Every structure is written in C-alpha cells, then in structure tokens.
Amino acid sequence: MKVLLISNSYPLSPSPTALGAFCVREMALSLLRAGSQVHVLTPDRAGEKIPDPGLPVRWFSWTGRNEQALASLSMRSPAGLRHAASVFRNGRRAAIEECDRFAPDLCLAAWALPSGYFARHAYRRLGVPYAVWCLGSDIHTWATKPMFRTMTRWVLHDASLVYADGFSLAKEVELLGQRPCRFMTTAVSLKGCKHQFPVLDAGKKHFLYVGRWEHVKGLDVLLDAWRLLVDEIGSTRAVLHIVGQGQGLESCVRQAQQHAGVRESVRIEGWLSRESLVGFYYATDCVVIPSRKESIPVVLTEAMDAGKPLIVTDVGDMGDLARRYQLGEVVPPESPGALKAALARFIRDGYAFNASKQEEARRLFDLDAAARSLLADAASLRSVSEPPRRIACSV
C-alpha cells in the first residue's frame, strides 16, 4: 500500500527536539516496517535537512518558512494571517500535485488542521481517501475558533478513517464530526534511542517536568506546590528539573526562582536534544505532569517506557490510565496542596510498579501495532468504490 503522510510538524532531521515532530517521523518508519511505501509532505522550514534513507520528503514553500513553527503564528497580526493563508493555499496545491505524482492508496493527515485540510482537497479533486489523526490541539485550540471549527468539521466529514491520540479525545472528535473515531497512539518507544545521562546531585530525589511553559500545562501549579514542599522539608532533599520553554509562564518561572529554596532546588534545563531528554527520563526518579487539560501527553508514555513512576493530574485520560495500569499517583488539577503532598510522599516512600500492568500498558502504546492496524483499516477501504462526496463550502 502507498501512503502519503501529510504533516505540519515533520522534523528536519532524525534527531528532532520537538516532541510532536518525533512521533510523526516514527509513524512514517512504522508504516515502512509494515511493508507500505511512504512519502511525506510538509511545509518547508529554515534549517539543515537530514533525510532518512528510503523516506522521500517534499517540503512545500510558503511565506512563513523562517518561523519556528506553524503553531507559533499569530492570527491577530497581518503577517501571521498572510503566512497562514500562504500555508493553506500552497499546502492544498502541493497535496494535489503529490497525489497526482505518487498516486497513493491513502493520505494520512497528521493532524486535522492544517494537514487534514490539504488531504481533503486531494480527496475532492482526485478521490484519494484519507485518514485524519487528531490531537488535543485540533479540538481544544483550532476548533474553538469559529472558522477553523467549521473547517475541522469538513475535514472529519469527508475522511474515510478518523483517529485520535486519546480515548476521551476520540469521544470529543465523534461529537464534533458526528462519525466514529478510534484511538491511535502517538507514543514513541525509547527502546534503542541513544541517550546522554545528565550529572545529578547524589542522595536527592529528582523530579522531571517536560513541556511548554503554558497555562494549560500547569507548570505554575507545580511551582506553587514546590514552594510549599521546600517550606515543609527544606531544599536539600529533592530537585525539580524543568525541560521546555514558552512565553506564557516565563514570568512565573522567573518569579518562583526568587524564592531562596526554590532557586536552590529547581534546575531550568530548557529544550534538550533527543539524546539528552532520554537521558533525563532514565536518570530522574519521577515524572510530574501537572496539566489543567490533557489527552494522553507524549511525556506520559515516554516516562512509562523509561520505567519511571508518574504524578499526574486527573484530567483527560491520565488519571484513568495511571489508576488502571498502576503507573503512579493521581492528584486533582489546580491543587498545589495535593500535588505537594504527593511529592512529599514520593520522597518519603517512593513508588512500586506492578510489572505485568506496566507491560500491558506498553502494548497499548505500540506505534508499530498502530501502523499495522491503520493499514488493515485502509485495506478494507479498497474494496469499496465511492465517488468523492461533496458538501457546500467555499474554501
């Protein structure tokens, strides 16, 4: 089977720092391992491109190629609007051209917008069926804006297959698109990944936060909890390592470091190379995910794959998964006191895994198995001949 993978977050090299970009490349490689031919279509970005052998990538041009990421564009500025219009216009043209040249049996859009929009245009022009792989940002960010919500519905309506990277998210997608949606993991296994171990203070418990410094990720709640923890037990027994960056909570992070105990026990690591991030997963004692809203974050599955216990908030699928597979402790969202208590309990008692439960959870997040399942679903479409469906739209 020939698959055209369309994504706005494909990495420049086999060792990306962006978390979401890595799972898209790994899905492409999983599809190759499953026996399919794969081509990739993605917006161009500045920087050196290091290709994977046997995996052709077409980088289509647009006016914002020098931006860090498409998601960073501001829809409130003239420049941002111009760049967005450019990527939507050029992306749909490139999708039609690539489908005409490569003649895929299926387009896989990662994610609903803008990639699903490109795939939909190829379907309507050439009749190539497409699958949409939805993230939380598709529903909780893009689809909250009236125009993009309508576009997302169009994309879901015309798709032959619809997937989401969370169980509760799949239900939300079904409500929005009025059609079935199945879970498909975005998890990437750490097995075989190169890693570079950090130098950590001996005799202390080391906690790890990985993510953007944005309100939805709850880093401010974690820092409030850490201040309470330091006031209770001092700053010499544990260290919090913060991996990531972002403007939303940057002032909050800087203010927290004015607290003497926090300044001594918090390490701002910034964005790390893949090797360094994997090293932190293996070296630290516990991973903390304090989000206000989530589906199944990549951080959860990577921490689980590294065999690390978790402290997570009871949002999205995280609480249910942590309880069902005994992955760690669950606390209410936006509760610094409850999070502080969980941190203190881990410092005092640690956490014992259930090995069989952990292995069961790993099978649930096997990307190779997800690729095989996708191809089986796509193969069932080939026996059904259906002309392109049309709905009224002007875009």
# chains A, B, ... in the order shown; residues from 1 in each chain; ligands from 1
$ select_by_dssp --residues "segment 134-226 of chain A" --states "helix (DSSP H, G or I)" --output "ChimeraX atom specification"
/A:136-140,142-144,146-158,167-177,215-217,219-226
$ select_by_dssp --residues "segment 50-222 of chain A" --states "strand (DSSP E or B)" --output "count of residues only"
26
$ residues_around --residues "Gln326 of chain A" --least-positions-apart "3" --cutoff "7 Å" --atoms "only C-alpha atoms" --output "PDB file with C-alpha atoms, in the first residue's frame"
ATOM      1  CA  ALA A 322      -2.453   5.807  35.907  1.00  0.00           C
ATOM      2  CA  ARG A 323      -5.004   4.036  38.088  1.00  0.00           C
ATOM      3  CA  PHE A 353       5.413  -0.684  39.954  1.00  0.00           C
ATOM      4  CA  ASN A 354       3.277  -3.663  39.003  1.00  0.00           C
ATOM      5  CA  LYS A 357       0.406  -3.950  34.441  1.00  0.00           C
TER       6      LYS A 357
END
$ closest_residue --among "A:Trp213, A:Ala376, A:Lys191, A:Val155" --to "Gly177 of chain A" --atoms "only C-alpha atoms"
A:Val155
$ closest_residue --among "A:Pro11, A:Gly316, A:Gly270, A:Gly218" --to "Gly47 of chain A" --atoms "only C-alpha atoms"
A:Pro11
$ closest_residue --among "A:Val315, A:Ala283, A:Ile50, A:Leu364" --to "Phe197 of chain A" --atoms "only C-alpha atoms"
A:Ala283
$ closest_atom_pairs --of "segment 322-367 of chain A" --to "segment 220-229 of chain A" --cutoff "6 Å" --atoms "only C-alpha atoms" --output "JSON lines"
{"residue": "A:Pro336", "atom": "CA", "partner": "A:Ala225", "partner_atom": "CA", "distance": 4.3}
{"residue": "A:Leu339", "atom": "CA", "partner": "A:Ala225", "partner_atom": "CA", "distance": 5.9}
{"residue": "A:Lys340", "atom": "CA", "partner": "A:Ala225", "partner_atom": "CA", "distance": 4.7}
$ write_last_selection --atoms "all heavy atoms" --output "PDB file, in the first residue's frame"
ATOM      1  N   PRO A 336      -2.205  22.926  44.336  1.00  0.00           N
ATOM      2  CA  PRO A 336      -0.817  22.873  44.797  1.00  0.00           C
ATOM      3  C   PRO A 336      -0.640  22.065  46.074  1.00  0.00           C
ATOM      4  O   PRO A 336       0.367  21.360  46.232  1.00  0.00           O
ATOM      5  CB  PRO A 336      -0.473  24.354  45.023  1.00  0.00           C
ATOM      6  CG  PRO A 336      -1.404  25.108  44.138  1.00  0.00           C
ATOM      7  CD  PRO A 336      -2.676  24.312  44.145  1.00  0.00           C
ATOM      8  N   LEU A 339      -0.711  18.329  45.214  1.00  0.00           N
ATOM      9  CA  LEU A 339       0.496  17.985  44.470  1.00  0.00           C
ATOM     10  C   LEU A 339       1.708  17.985  45.399  1.00  0.00           C
ATOM     11  O   LEU A 339       2.567  17.104  45.317  1.00  0.00           O
ATOM     12  CB  LEU A 339       0.692  18.974  43.322  1.00  0.00           C
ATOM     13  CG  LEU A 339       1.884  18.735  42.382  1.00  0.00           C
ATOM     14  CD1 LEU A 339       1.887  17.310  41.857  1.00  0.00           C
ATOM     15  CD2 LEU A 339       1.849  19.725  41.231  1.00  0.00           C
ATOM     16  N   LYS A 340       1.761  18.965  46.314  1.00  0.00           N
ATOM     17  CA  LYS A 340       2.860  18.994  47.296  1.00  0.00           C
ATOM     18  C   LYS A 340       2.860  17.724  48.140  1.00  0.00           C
ATOM     19  O   LYS A 340       3.915  17.118  48.382  1.00  0.00           O
ATOM     20  CB  LYS A 340       2.713  20.226  48.182  1.00  0.00           C
ATOM     21  CG  LYS A 340       3.815  20.394  49.234  1.00  0.00           C
ATOM     22  CD  LYS A 340       3.521  19.725  50.571  1.00  0.00           C
ATOM     23  CE  LYS A 340       2.282  20.316  51.239  1.00  0.00           C
ATOM     24  NZ  LYS A 340       2.065  19.669  52.575  1.00  0.00           N
TER      25      LYS A 340
END
$ residues_around --residues "segment 159-161 of chain A" --least-positions-apart "2" --cutoff "6 Å" --atoms "only C-alpha atoms" --output "ChimeraX atom specification"
/A:129-131,156-157
$ atom_distance --atom1 "atom CA of His83 of chain A" --atom2 "atom CA of Phe60 of chain A"
13.3 Å
$ closest_residue --among "A:Ala34, A:Val128, A:Val57, A:Val239" --to "Lys205 of chain A" --atoms "only C-alpha atoms"
A:Val239
$ closest_residue --among "A:Val331, A:Leu343, A:Ala338, A:Leu272" --to "Val230 of chain A" --atoms "only C-alpha atoms"
A:Leu343
$ atom_distance --atom1 "atom CA of His121 of chain A" --atom2 "atom CA of Ser7 of chain A"
14.6 Å
